[in-house]
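One structure is given here, and the rest of the page talks about it.
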Amino acid sequence: MELDERYEDSFKIGAAVEPYQLKGKSAQVLKKHYNSIVAENVMKPINIQPEEGEFNFEEADKIVKFAEENNMDLRFHTLIWHSQVPDWFFLDKEGDPMVDETDPEKREENKQLLLERVRTHVKTVVTRYKDVVDSWDVVNEAVADGSSPETDGMRDSAWYQLTGTDYIKVAFETAREYGGEDANLYINDYNTEESTKRENLYNLVKGLLDEGVPIDGVGHQAHIQIGWPSIDDTRTSFEMFSSLGLDNQVTELDVSLYGWPPSGKYNTYEEIVNSEENILEAQADRYDQLFKLYEELDADISSVTFWGIADNHTWLDDRASQYSDDGLGKDAPFVFDPNYKLKPSYWAIID
């Protein structure tokens with residue numbers, strides 16, 4: 001049984017992709033097991049509009065075409081983010097960094113200029129893809145890690161320093177204006193299972209909803225580990241946002257073999273497979289617990305997307321290598337191995 005078939009009565013099953021993965025064996029696996037895709041990188045602001053007014057849709061269009069040809073849902077990731085965003089967004093008309101400006105009048109001018117750039121970017125992208133995108137990550141990672149009382153729990157990004165939360169409002173309002181009432185608009189973040197961050201995100205979203213900002217759902221990235229977070233905390237996160245009448249989506253799921261920080265214990269995939277602690281069986285148990293929860297709450301969860309297809313391509317390898325002593329760390333977060341063979345985790349969630 002295929003993954004998407006197993007959960008067809010509950011939620012979409014998605015994968016993050018790069019354009020090169022849309023052919024060959026990876027494409028075959030996508031077509032067989034997934035009914036939703038999202039761009040891992042090529043739809044982020046720095047790739048879509050690297051220079052002001054110069055939009056580059058070539059790579060993004062490849063993913064759009066693949067989704068259309070294979071009758072897949074398409075998630076858009078992401079319209080606004082503090083990372084992978086070109087510097088020009090935050091330069092004033094003279095080319096100077098806006099955040100360095102101290103004159104109140106000039107700062108207000110800069111704020112309006114930045115918000116106008118948000119409108120232009122969102123309008124252009126949404127207008128192009130409104131008929132093919134099923135879910136939009138409108139704003140990504142707006143909330144701080146930890147309490148951050150000095151910013152009311154918000155990430156102290158250039159966006160926030162220059163506009164407060166107005167950039168979020170403008171992004172969602174513009175997406176609604178040009179995407180229409182049927183556009184599904186999400187605010188996306190990681191560690192939504194952690195209590196402080198969850199509370200800050202909840203307070204932000206509730207406040208925005210009270211102001212009439214058109215948010216339809218919350219994206220929970222779910223970059224998680226075998227031992228963290230707890231299933232109870234994960235459940236609480238979904239239930240908190242569904243209590244606001246919002247949809248939930250799992251948007252970037254991967255289950256790392258490591259805790260935090262990663263030890264980089266495994267240098268090769270063979271070491272993982274032959275580990276004394278049977279780490280892949282422990283991962284399978286974790287996936288089993290997760291998908292039982294997702295299925296239990298499927299009325300409030302419309303999509304579950306893995307942040308990759310198989311263990312041959314994952315950002316977690318870079319993270320494991322970064323923290324290992326010899327720079328050779330390997331991770332294995334998915335349900336397919338590097339050769340697209342089925343792992344214990346696959347059988348766990350297929351039941």
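In the structure tokens, chains take letters A, B, ... by order of appearance, with residues numbered from 1 within each chain and ligands from 1 in the order shown.
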* To do: Assign secondary structure with DSSP using the backbone only, and return the residues of segment 69-300 of chain A in alpha helix (DSSP H) as a VMD selection string.
  => chain A and resid 69 104 to 129 158 to 163 166 to 179 195 to 210 231 to 242 269 to 273 279 to 296
Filtered DSSP result for segment 217-288 of chain A, state strand (DSSP E), as a PDB file with all heavy atoms, in the first residue's frame:
ATOM      1  N   GLY A 217      -4.769  28.931   8.948  1.00  0.00           N
ATOM      2  CA  GLY A 217      -4.203  27.790   9.634  1.00  0.00           C
ATOM      3  C   GLY A 217      -2.782  28.021  10.102  1.00  0.00           C
ATOM      4  O   GLY A 217      -2.165  29.048   9.801  1.00  0.00           O
ATOM      5  N   VAL A 218      -2.284  27.047  10.854  1.00  0.00           N
ATOM      6  CA  VAL A 218      -0.932  27.079  11.391  1.00  0.00           C
ATOM      7  C   VAL A 218      -0.159  25.890  10.837  1.00  0.00           C
ATOM      8  O   VAL A 218      -0.655  24.752  10.845  1.00  0.00           O
ATOM      9  CB  VAL A 218      -0.950  27.029  12.930  1.00  0.00           C
ATOM     10  CG1 VAL A 218       0.462  26.859  13.488  1.00  0.00           C
ATOM     11  CG2 VAL A 218      -1.585  28.298  13.486  1.00  0.00           C
ATOM     12  N   GLY A 219       1.037  26.171  10.349  1.00  0.00           N
ATOM     13  CA  GLY A 219       1.934  25.126   9.909  1.00  0.00           C
ATOM     14  C   GLY A 219       2.900  24.771  11.022  1.00  0.00           C
ATOM     15  O   GLY A 219       3.578  25.647  11.557  1.00  0.00           O
ATOM     16  N   HIS A 220       2.942  23.499  11.376  1.00  0.00           N
ATOM     17  CA  HIS A 220       3.861  23.005  12.407  1.00  0.00           C
ATOM     18  C   HIS A 220       4.997  22.282  11.686  1.00  0.00           C
ATOM     19  O   HIS A 220       4.791  21.203  11.114  1.00  0.00           O
ATOM     20  CB  HIS A 220       3.138  22.047  13.352  1.00  0.00           C
ATOM     21  CG  HIS A 220       1.894  22.605  13.966  1.00  0.00           C
ATOM     22  ND1 HIS A 220       1.869  23.142  15.239  1.00  0.00           N
ATOM     23  CD2 HIS A 220       0.629  22.722  13.479  1.00  0.00           C
ATOM     24  CE1 HIS A 220       0.634  23.547  15.516  1.00  0.00           C
ATOM     25  NE2 HIS A 220      -0.136  23.307  14.459  1.00  0.00           N
ATOM     26  N   HIS A 223      10.303  19.541  12.810  1.00  0.00           N
ATOM     27  CA  HIS A 223      11.681  19.058  12.761  1.00  0.00           C
ATOM     28  C   HIS A 223      11.980  18.505  14.158  1.00  0.00           C
ATOM     29  O   HIS A 223      12.381  19.238  15.063  1.00  0.00           O
ATOM     30  CB  HIS A 223      12.645  20.195  12.422  1.00  0.00           C
ATOM     31  CG  HIS A 223      12.499  20.725  11.034  1.00  0.00           C
ATOM     32  ND1 HIS A 223      12.699  19.933   9.931  1.00  0.00           N
ATOM     33  CD2 HIS A 223      12.169  21.964  10.573  1.00  0.00           C
ATOM     34  CE1 HIS A 223      12.496  20.660   8.827  1.00  0.00           C
ATOM     35  NE2 HIS A 223      12.177  21.885   9.193  1.00  0.00           N
ATOM     36  N   ILE A 224      11.760  17.218  14.325  1.00  0.00           N
ATOM     37  CA  ILE A 224      11.754  16.660  15.672  1.00  0.00           C
ATOM     38  C   ILE A 224      12.791  15.548  15.805  1.00  0.00           C
ATOM     39  O   ILE A 224      13.558  15.278  14.880  1.00  0.00           O
ATOM     40  CB  ILE A 224      10.349  16.154  16.052  1.00  0.00           C
ATOM     41  CG1 ILE A 224       9.906  15.037  15.120  1.00  0.00           C
ATOM     42  CG2 ILE A 224       9.351  17.308  16.016  1.00  0.00           C
ATOM     43  CD1 ILE A 224       8.593  14.406  15.520  1.00  0.00           C
ATOM     44  N   GLN A 225      12.795  14.917  16.950  1.00  0.00           N
ATOM     45  CA  GLN A 225      13.779  13.889  17.273  1.00  0.00           C
ATOM     46  C   GLN A 225      13.055  12.642  17.788  1.00  0.00           C
ATOM     47  O   GLN A 225      11.862  12.695  18.120  1.00  0.00           O
ATOM     48  CB  GLN A 225      14.728  14.420  18.352  1.00  0.00           C
ATOM     49  CG  GLN A 225      15.407  15.728  17.996  1.00  0.00           C
ATOM     50  CD  GLN A 225      15.778  16.537  19.224  1.00  0.00           C
ATOM     51  OE1 GLN A 225      15.895  16.014  20.326  1.00  0.00           O
ATOM     52  NE2 GLN A 225      15.950  17.837  19.047  1.00  0.00           N
ATOM     53  N   ASP A 247      -7.111  25.498  10.791  1.00  0.00           N
ATOM     54  CA  ASP A 247      -6.583  24.222  10.324  1.00  0.00           C
ATOM     55  C   ASP A 247      -5.144  24.062  10.816  1.00  0.00           C
ATOM     56  O   ASP A 247      -4.454  25.048  11.097  1.00  0.00           O
ATOM     57  CB  ASP A 247      -6.609  24.181   8.795  1.00  0.00           C
ATOM     58  CG  ASP A 247      -6.101  22.871   8.238  1.00  0.00           C
ATOM     59  OD1 ASP A 247      -6.451  21.817   8.796  1.00  0.00           O
ATOM     60  OD2 ASP A 247      -5.342  22.902   7.246  1.00  0.00           O
ATOM     61  N   ASN A 248      -4.705  22.819  10.937  1.00  0.00           N
ATOM     62  CA  ASN A 248      -3.309  22.512  11.230  1.00  0.00           C
ATOM     63  C   ASN A 248      -2.713  21.744  10.056  1.00  0.00           C
ATOM     64  O   ASN A 248      -3.380  20.889   9.461  1.00  0.00           O
ATOM     65  CB  ASN A 248      -3.182  21.637  12.481  1.00  0.00           C
ATOM     66  CG  ASN A 248      -3.578  22.358  13.751  1.00  0.00           C
ATOM     67  OD1 ASN A 248      -2.838  23.180  14.277  1.00  0.00           O
ATOM     68  ND2 ASN A 248      -4.770  22.040  14.255  1.00  0.00           N
ATOM     69  N   GLN A 249      -1.467  22.040   9.732  1.00  0.00           N
ATOM     70  CA  GLN A 249      -0.716  21.237   8.784  1.00  0.00           C
ATOM     71  C   GLN A 249       0.654  20.925   9.377  1.00  0.00           C
ATOM     72  O   GLN A 249       1.265  21.794  10.011  1.00  0.00           O
ATOM     73  CB  GLN A 249      -0.556  21.950   7.438  1.00  0.00           C
ATOM     74  CG  GLN A 249      -1.861  22.129   6.682  1.00  0.00           C
ATOM     75  CD  GLN A 249      -1.666  22.552   5.237  1.00  0.00           C
ATOM     76  OE1 GLN A 249      -0.609  23.041   4.852  1.00  0.00           O
ATOM     77  NE2 GLN A 249      -2.699  22.359   4.429  1.00  0.00           N
ATOM     78  N   VAL A 250       1.098  19.697   9.185  1.00  0.00           N
ATOM     79  CA  VAL A 250       2.475  19.331   9.504  1.00  0.00           C
ATOM     80  C   VAL A 250       3.267  19.594   8.239  1.00  0.00           C
ATOM     81  O   VAL A 250       3.018  18.963   7.209  1.00  0.00           O
ATOM     82  CB  VAL A 250       2.574  17.850   9.930  1.00  0.00           C
ATOM     83  CG1 VAL A 250       4.019  17.480  10.250  1.00  0.00           C
ATOM     84  CG2 VAL A 250       1.664  17.589  11.115  1.00  0.00           C
ATOM     85  N   THR A 251       4.206  20.522   8.291  1.00  0.00           N
ATOM     86  CA  THR A 251       4.748  21.073   7.052  1.00  0.00           C
ATOM     87  C   THR A 251       6.169  20.661   6.703  1.00  0.00           C
ATOM     88  O   THR A 251       6.561  20.750   5.541  1.00  0.00           O
ATOM     89  CB  THR A 251       4.704  22.610   7.103  1.00  0.00           C
ATOM     90  OG1 THR A 251       5.434  23.054   8.252  1.00  0.00           O
ATOM     91  CG2 THR A 251       3.266  23.112   7.163  1.00  0.00           C
ATOM     92  N   GLU A 252       6.976  20.220   7.679  1.00  0.00           N
ATOM     93  CA  GLU A 252       8.382  19.948   7.381  1.00  0.00           C
ATOM     94  C   GLU A 252       8.888  18.764   8.209  1.00  0.00           C
ATOM     95  O   GLU A 252       9.967  18.793   8.797  1.00  0.00           O
ATOM     96  CB  GLU A 252       9.236  21.194   7.651  1.00  0.00           C
ATOM     97  CG  GLU A 252       8.767  22.427   6.897  1.00  0.00           C
ATOM     98  CD  GLU A 252       9.629  23.661   7.144  1.00  0.00           C
ATOM     99  OE1 GLU A 252      10.810  23.514   7.524  1.00  0.00           O
ATOM    100  OE2 GLU A 252       9.121  24.784   6.929  1.00  0.00           O
ATOM    101  N   LEU A 253       8.120  17.698   8.224  1.00  0.00           N
ATOM    102  CA  LEU A 253       8.386  16.589   9.131  1.00  0.00           C
ATOM    103  C   LEU A 253       9.682  15.855   8.800  1.00  0.00           C
ATOM    104  O   LEU A 253       9.904  15.434   7.658  1.00  0.00           O
ATOM    105  CB  LEU A 253       7.217  15.606   9.090  1.00  0.00           C
ATOM    106  CG  LEU A 253       7.367  14.319   9.896  1.00  0.00           C
ATOM    107  CD1 LEU A 253       7.502  14.620  11.387  1.00  0.00           C
ATOM    108  CD2 LEU A 253       6.177  13.390   9.639  1.00  0.00           C
ATOM    109  N   ASP A 254      10.537  15.717   9.792  1.00  0.00           N
ATOM    110  CA  ASP A 254      11.635  14.760   9.761  1.00  0.00           C
ATOM    111  C   ASP A 254      11.939  14.362  11.200  1.00  0.00           C
ATOM    112  O   ASP A 254      11.807  15.161  12.113  1.00  0.00           O
ATOM    113  CB  ASP A 254      12.885  15.268   9.031  1.00  0.00           C
ATOM    114  CG  ASP A 254      13.261  16.711   9.332  1.00  0.00           C
ATOM    115  OD1 ASP A 254      13.021  17.174  10.472  1.00  0.00           O
ATOM    116  OD2 ASP A 254      13.792  17.390   8.451  1.00  0.00           O
ATOM    117  N   VAL A 255      12.317  13.115  11.387  1.00  0.00           N
ATOM    118  CA  VAL A 255      12.594  12.584  12.724  1.00  0.00           C
ATOM    119  C   VAL A 255      14.078  12.259  12.810  1.00  0.00           C
ATOM    120  O   VAL A 255      14.528  11.214  12.336  1.00  0.00           O
ATOM    121  CB  VAL A 255      11.733  11.344  13.033  1.00  0.00           C
ATOM    122  CG1 VAL A 255      12.078  10.806  14.422  1.00  0.00           C
ATOM    123  CG2 VAL A 255      10.247  11.698  12.956  1.00  0.00           C
ATOM    124  N   SER A 256      14.832  13.159  13.414  1.00  0.00           N
ATOM    125  CA  SER A 256      16.279  12.978  13.524  1.00  0.00           C
ATOM    126  C   SER A 256      16.614  11.835  14.473  1.00  0.00           C
ATOM    127  O   SER A 256      15.917  11.602  15.470  1.00  0.00           O
ATOM    128  CB  SER A 256      16.924  14.276  14.017  1.00  0.00           C
ATOM    129  OG  SER A 256      18.307  14.089  14.252  1.00  0.00           O
TER     130      SER A 256
END
* Which of A:Leu209, A:Met154, A:Val139, A:Ala222 sits closest to Phe76 of chain A [using only C-alpha atoms] ->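 Among the listed residues, A:Val139 lies closest to Phe76 of chain A.
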* List the neighbours of segment 267-279 of chain A out to 10 Å using only C-alpha atoms; skip same-chain residues closer than 6 positions along the sequence, and give me the result as a PyMOL selection string. => chain A and resi 226+257-258+285+311-312+317+320-321+324+326-332+337-338+343
Saved selection, atoms kept: N, CA and C atoms, as a short mmCIF file (atom, residue, chain, number, x, y, z; two decimals), in the first residue's frame:
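Wrote it out as selection.cif, contents follow:
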data_model
loop_
_atom_site.label_atom_id
_atom_site.label_comp_id
_atom_site.auth_asym_id
_atom_site.auth_seq_id
_atom_site.Cartn_x
_atom_site.Cartn_y
_atom_site.Cartn_z
N ILE A 226 13.78 11.56 17.88
CA ILE A 226 13.18 10.33 18.39
C ILE A 226 12.64 10.54 19.80
N LEU A 257 17.71 11.16 14.18
CA LEU A 257 18.21 10.11 15.06
C LEU A 257 18.90 10.68 16.28
N TYR A 258 19.19 11.98 16.25
CA TYR A 258 19.98 12.62 17.30
C TYR A 258 19.10 13.48 18.21
N ASP A 285 9.16 3.28 16.00
CA ASP A 285 8.22 3.45 17.11
C ASP A 285 7.75 4.88 17.22
N ASP A 311 16.33 9.21 2.57
CA ASP A 311 17.50 9.54 3.37
C ASP A 311 18.74 9.92 2.55
N ASN A 312 18.61 9.95 1.22
CA ASN A 312 19.74 10.38 0.40
C ASN A 312 19.82 11.89 0.23
N ASP A 317 21.74 16.09 7.40
CA ASP A 317 23.12 15.62 7.23
C ASP A 317 24.11 16.76 7.49
N ALA A 320 24.24 17.35 11.23
CA ALA A 320 24.97 16.30 11.93
C ALA A 320 26.47 16.44 11.70
N SER A 321 26.85 16.78 10.48
CA SER A 321 28.27 16.96 10.16
C SER A 321 28.86 18.15 10.90
N SER A 324 29.68 17.05 14.44
CA SER A 324 30.51 15.88 14.67
C SER A 324 31.97 16.28 14.75
N ASP A 326 34.57 14.88 13.33
CA ASP A 326 35.31 14.76 12.08
C ASP A 326 34.56 15.29 10.87
N GLY A 327 33.41 15.91 11.10
CA GLY A 327 32.67 16.51 9.99
C GLY A 327 32.01 15.52 9.06
N LEU A 328 31.73 14.32 9.54
CA LEU A 328 31.19 13.28 8.68
C LEU A 328 29.82 12.78 9.14
N GLY A 329 29.14 13.51 9.97
CA GLY A 329 27.88 13.04 10.53
C GLY A 329 26.84 12.70 9.49
N LYS A 330 26.05 11.66 9.75
CA LYS A 330 24.97 11.24 8.87
C LYS A 330 23.70 11.08 9.68
N ASP A 331 22.57 11.52 9.10
CA ASP A 331 21.28 11.35 9.73
C ASP A 331 20.40 10.54 8.78
N ALA A 332 19.25 10.13 9.24
CA ALA A 332 18.36 9.28 8.44
C ALA A 332 16.92 9.50 8.87
N ASP A 337 15.01 4.64 2.70
CA ASP A 337 16.46 4.73 2.87
C ASP A 337 17.08 5.41 1.64
N PRO A 338 18.41 5.56 1.58
CA PRO A 338 19.02 6.29 0.46
C PRO A 338 18.75 5.69 -0.91
N LYS A 343 11.94 1.43 5.00
CA LYS A 343 12.54 1.31 6.33
C LYS A 343 11.49 0.80 7.34
#
* Leaving out Phe291 of chain A and any residue of its chain fewer than 4 positions from it, which residues lie within 8 Å of it when counting only C-alpha atoms, given as a PyMOL selection string? -> chain A and resi 287+295+349
